[in-house]
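Heads up: the structure comes next, in structure tokens.
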Amino acid sequence: MLVVITDLLIFLHLILQIGFLARSLLRPHRDPASRLAWVVVILALPLAGMIAYLLFGETSVGRRRIAKIHAARAAMPIPSASAIHATAAEPMIPAEYAPLFRVGQSINGHPPTAGNSATLMADSDAAIASMVADIDAAQEHVHVLFYIWLADHNGLRVVEALKRAAARGVTCRVKADEIGSRALIRSRHWQAMCEAGVKLARAMPLNPLRARMDMRNHRKIVVIDNRITYCGSQNCADPAFEIKAKYAPWVDIMLRFEGPVVLQNQRLFAIDWMTTMGENLAELFDVPIPPAATPGFVAQVIGTSAAVRNSAMPEMFIAMMGSARHELVITTPYYVPDDSIQTALCGAARRGVDVTVVFPARNDSWIVAAASHSYYHDLLAAGVRVYEYLGGLLHAKTLTVDGAIALIGSANLDRRSFDLNAENNILLCDTETTSAIRERQQTYLESARAISMDEVSAWPWPRQLWNNAVAMSGPLL
């Protein structure tokens, strides 16, 4: 009897293993390296491999949630240029950059819109102060979404501003990520906002049976009265970032926008809100928007997630790298690219573009740091200038092209932003605003040290072995 039971268990195990292998091979939108990695894991670690695949093997937020996202997206009208009295954008975009906005429009349907203006915030504290002032001046509604929201000085300044706004009759809707903002959500401050009349929602509630727990809403969105929006890398927290204080200060970038692009950020928030809360906010887009005082510049909101077209964010990054003719400057805290990103970056340098990338010298993720270092040699060999920022954790996600085009927002150059997280970015075409961002990038460079090929080549073989081994885990996403 024992032999029969043993044989039956072995047979069932083999059936399960074959099933998992088939599932990993048949899963759509997966690159061959990822398929091979999962096959090796499932074969080499049969039980542990199958458990790992259940937890991390597929980038899906669940069928029900995807259905809700699609329903919300269909319910929210795409703001058109005519509805917002915007100047025609196409003539204002140089021909060599027009394809970038076509890629952006293919992701969300948002057309490039003119008539926008932007102010680059001086630093994180100034950004929070500006948000608080705008919330205090709000007359109709305030919409806020953050991945990480801490109950520190800056975080509570925003909490109190929202409570004041709700008390005077402004409709306030607040959404925070279930994991990133878990401390605030569980605190008395979250309940106090609710009692003050602020409508609250938790982004990506944990449900391991329906979706991966590490798939998060990484967006940072503030929209006020359909007039003002903020976009950048900054979470709602102090630069000291008390949950990871040893890496402080966290150095972020945030821009305050006015103009038609505000409605596109509003649409991203509205889709997120309806997906979670079921409240249809389509009426927000029926309100007439006053015409822009000046032609302004062209901008476009790009929102990506696991429910949007696969590879959307990498496509945007690659298109921008391919459009560079003279200079390409990138800052990102997390660099774990796929082959196409690494190839595009190296290819830009090889065709004569002055390519510079800036990473933090100390990263809050040792896994990401090791994986990033594994790519240094090939970047340097291609002619990319690699720098490491020394003044804290450089968290700003910026990309400038030829002093004319810029992309800022929440997305990193890593596989989490490509495949797992919900992200929001703004693409803009304006020499003045791009110059301001480029000047900020220059301040990062002035506080950074150059990494040389000699230094990387001198790393001891155990370090190189470790970096390369960690980087091999990337395809397992």
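Naming works like this for the structure tokens: A, B, ... for the chains as they're shown, residue 1 at the start of each chain, ligands 1 onward in shown order.
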
Please tabulate, as CSV, the residues of segment 79-145 of chain A that come within 8 Å of segment 431-451 of chain A, each with its closest pair of atoms and the distance in Å to one decimal, counting only C-alpha atoms and ordering rows by chain, then residue number upward.
```
residue,atom,partner,partner_atom,distance
A:Ala118,CA,A:Thr433,CA,7.0
A:Thr119,CA,A:Thr433,CA,7.8
A:Leu120,CA,A:Ala436,CA,7.1
```

DSSP on the backbone: which residues in segment 306-335 of chain A end up as strand (DSSP E or B)? Give the answer as a PyMOL selection string. chain A and resi 327-331+335

What is the distance, in Å and to one decimal place, between atom CA of Ser452 of chain A and atom CA of Trp250 of chain A?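 Result for atom CA of Ser452 of chain A versus atom CA of Trp250 of chain A: 25.2 Å, one decimal.
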
Skip Ala324 of chain A itself and residues of its chain fewer than 5 positions away, then list as JSON, numbers by chain all residues within 10 Å of it, counting only C-alpha atoms. {"A": [96, 97, 319, 329, 348, 349, 351, 352, 353, 354, 355, 400, 401, 402, 403, 404, 405]}

Calculate how many Å separate atom CA of Ser410 of chain A from atom CA of Lys220 of chain A, rounding to one decimal.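 Between atom CA of Ser410 of chain A and atom CA of Lys220 of chain A the gap works out to 6.7 Å.
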
Could you make a table, as CSV, of the residues of segment 171-216 of chain A that have an atom within 8 Å of an atom of segment 152-163 of chain A, each with its nearest atom pair and distance in Å to one decimal, counting only C-alpha atoms, in chain and number order?
```
residue,atom,partner,partner_atom,distance
A:Cys172,CA,A:Leu162,CA,6.8
A:His189,CA,A:Val159,CA,7.4
A:Met193,CA,A:Lys163,CA,5.8
A:Ala196,CA,A:Lys163,CA,5.5
A:Gly197,CA,A:Lys163,CA,7.4
A:Val198,CA,A:Lys163,CA,6.8
```

Just want the 8 Å neighbourhood of Cys231 of chain A, counted on only C-alpha atoms, with same-chain residues fewer than 6 positions away dropped. Output as a compact mmCIF listing (two decimals) with C-alpha atoms, in the first residue's frame.
```txt
# COMPACT_ATOMS: atom_id res chain seq x y z
CA LYS A 220 2.13 60.01 -7.85
CA ILE A 221 -0.79 62.18 -8.99
CA VAL A 222 -2.30 65.39 -7.61
CA MET A 254 8.36 67.41 -9.22
CA LEU A 255 6.69 69.73 -11.71
CA ARG A 256 3.47 71.69 -11.31
CA PHE A 257 1.49 71.78 -14.58
CA ILE A 408 9.40 62.88 -16.12
CA GLY A 409 7.25 60.85 -13.78
CA SER A 410 7.17 57.74 -11.64
CA ASN A 424 2.37 57.86 -14.67
CA ASN A 425 4.66 60.07 -16.73
CA ILE A 426 4.40 63.26 -18.74
```

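Candidate residues A:Ala67, A:Met92, A:Cys429, A:Val223 were compared for distance to Met320 of chain A, and the nearest is A:Cys429, using only C-alpha atoms.
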